[in-house]
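Structure first, then comments.
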Amino acid sequence: MRELLRHAAIFEPGDPPRTGTMAFLDPEGGERVTIAEPEGLREARVTRVPVNEAIAQLSRARADDSAHPATRFWGTVALLALQLVARGRIRPGVTSGDYAAWRAGPLDAADVAKVKELADAMPAAARAIPLEGVLLLPDAEGLVRAFLDAVADGMPRSPARCGPSACPPSPPPSR
């Protein structure tokens with residue numbers, strides 16, 4: 001995983017959020033994809049890592065000069081996500097796919113300002129989503145919020161959080 005930090009990391013949201021992945025643009029990666037960049041479309045190889053497996057390395061990447069700027073960016077977002085979870089800023093919800101999931105929130109004014117600040121600083125390489133022949137750079141703020149939700153949804157289920165007993169159940173659906 002450490003070697004992947006030298007490559008651009010792109011967050012791919014999932015439904016439910018805990019299924020989101022980090023796609024590292026890795027010349028040695030196994031999967032060929034088309035990615036959108038400001039200059040247009042190009043072929044690339046990616047290595048995908050589930051967010052819950054990448055979070056520790058990403059949080060270290062923010063201060064690693066050898067990490068790709070897009071990966072350092074996601075490391076900074078990972079730190080905010082971990083801080084929100086540590087502060088108990090998670091709430092139950094239901095996704096568009098009708099999955100019960102934890103979401104980051106409620107966010108106070110300082111949290112909202114930080115999300116907007118991060119979105120404004122997002123490098124294009126951090127949101128060049130692998131796709132099938134369509135030019136699309138998703139909304140930066142929406143992508144930051146989706147990443148926060150992925151961490152919020154994955155952390156309560158992680159083995160480190162659960163210990164020897166079973167993980168807590170999914171949040172109840174709120175309709």
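By convention here, the chains of the structure tokens are called A, B, ... in the order presented, each chain's residues are numbered starting at 1, and ligands are numbered starting at 1 in the order presented.
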
Taking only C-alpha atoms into account, produce a table as a tab-separated table in which each residue of stretch 25-82 of chain A with an atom at most 12 Å from an atom of stretch 115-124 of chain A appears once, together with its shortest atom pair and the distance in Å to one decimal, ordered by chain and rising number.
```
residue	atom	partner	partner_atom	distance
A:Ile35	CA	A:Ala124	CA	11.4
A:Ala36	CA	A:Ala124	CA	9.3
A:Glu37	CA	A:Ala124	CA	6.9
A:Pro38	CA	A:Ala124	CA	7.0
A:Glu39	CA	A:Ala124	CA	10.2
A:Gly40	CA	A:Ala124	CA	11.6
A:His68	CA	A:Pro123	CA	10.6
A:Pro69	CA	A:Pro123	CA	7.6
A:Ala70	CA	A:Pro123	CA	6.1
A:Thr71	CA	A:Pro123	CA	9.7
A:Arg72	CA	A:Pro123	CA	10.1
A:Phe73	CA	A:Met122	CA	6.8
A:Trp74	CA	A:Met122	CA	8.7
A:Gly75	CA	A:Leu118	CA	11.1
A:Thr76	CA	A:Leu118	CA	8.3
A:Val77	CA	A:Leu118	CA	7.3
A:Ala78	CA	A:Leu118	CA	11.1
A:Leu79	CA	A:Leu118	CA	11.6
A:Leu80	CA	A:Val115	CA	8.7
A:Ala81	CA	A:Val115	CA	10.1
```

Problem set entry | All residues 10 Å or closer to A:Leu143, only C-alpha atoms, same chain fewer than 4 positions away omitted, as a list in words |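 After dropping sequence-adjacent residues, the list is Ile10, Phe11, Glu12, Pro13, Ala119, Met122, Ala126, Arg127, Pro138, Asp139, Phe147, Leu148 and Asp149 of chain A.
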
Write the residues of the selection above to a file with C-alpha atoms, as a PDB file, in the first residue's frame.
```pdb
ATOM      1  CA  ILE A  10      -9.186   9.058  -6.682  1.00  0.00           C
ATOM      2  CA  PHE A  11     -12.160   8.393  -4.417  1.00  0.00           C
ATOM      3  CA  GLU A  12     -14.956   6.324  -5.971  1.00  0.00           C
ATOM      4  CA  PRO A  13     -18.161   6.605  -3.909  1.00  0.00           C
ATOM      5  CA  ALA A 119     -13.408  21.169  -1.893  1.00  0.00           C
ATOM      6  CA  MET A 122      -9.170  19.672  -4.511  1.00  0.00           C
ATOM      7  CA  ALA A 126      -8.141  13.779  -7.081  1.00  0.00           C
ATOM      8  CA  ARG A 127     -11.495  13.637  -8.865  1.00  0.00           C
ATOM      9  CA  PRO A 138     -17.742  15.304 -10.244  1.00  0.00           C
ATOM     10  CA  ASP A 139     -18.576  18.160  -7.888  1.00  0.00           C
ATOM     11  CA  PHE A 147     -15.747  10.362   1.392  1.00  0.00           C
ATOM     12  CA  LEU A 148     -16.647  11.580   4.900  1.00  0.00           C
ATOM     13  CA  ASP A 149     -19.736   9.349   4.739  1.00  0.00           C
TER      14      ASP A 149
END
```

Problem set entry | DSSP-assigned alpha helix (DSSP H) members of chain A, reported as a VMD selection string | chain A and resid 51 to 61 69 to 86 109 to 121 140 to 154 159 to 162

For this session: Mind giving me the straight-line distance from atom CA of A:Glu31 to atom CA of A:Glu3 in Å, one decimal?
Result: 17.1 Å

For this session: Within 6 Å of A:Gly29, counting only C-alpha atoms, which residues show up once you throw out same-chain ones fewer than 3 positions away? Write them as a ChimeraX atom specification, please.
Result: /A:26,45-47

Problem set entry | DSSP-assigned strand (DSSP E) among stretch 27-63 of chain A, expressed as a list in words |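 Selecting the strand (DSSP E) positions of stretch 27-63 of chain A gives Glu31, Arg32, Val33, Thr34, Ile35, Ala36, Glu37, Gly40, Leu41, Arg42, Glu43, Ala44, Arg45, Val46, Thr47, Arg48, Val49 and Pro50 of chain A.
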
For this session: Could you check which of A:Gly142, A:Ala150, A:Leu4, A:Ala128 is closest to A:Leu41, using only C-alpha atoms?
Result: A:Ala128

Problem set entry | atom CA of A:Gly105 to atom CA of A:Ala152, distance in Å rounded to a single decimal |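 Separating atom CA of A:Gly105 from atom CA of A:Ala152 is a distance of 8.9 Å.
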
Problem set entry | Point-to-point distance in Å for atom CA of A:Arg91 and atom CA of A:Pro106 | 7.2 Å

Problem set entry | Pick from A:Ile129, A:Trp102, A:Thr95, A:Gly20 nearest to A:Ala44, counting only C-alpha atoms |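 So, comparing all the options, the nearest one is A:Ile129.
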
For this session: Excluding stretch 153-155 of chain A and residues on its chain fewer than 4 positions from it, collect all residues at most 12 Å away from it, counting only C-alpha atoms, and give them as a PyMOL selection string.
Result: chain A and resi 13-21+50-56+78+81-86+88-95+99-105+146-149+159-162+167-171

Problem set entry | Pick from A:Arg145, A:His7, A:Lys114, A:Arg62 nearest to A:Glu28, counting only C-alpha atoms | A:His7
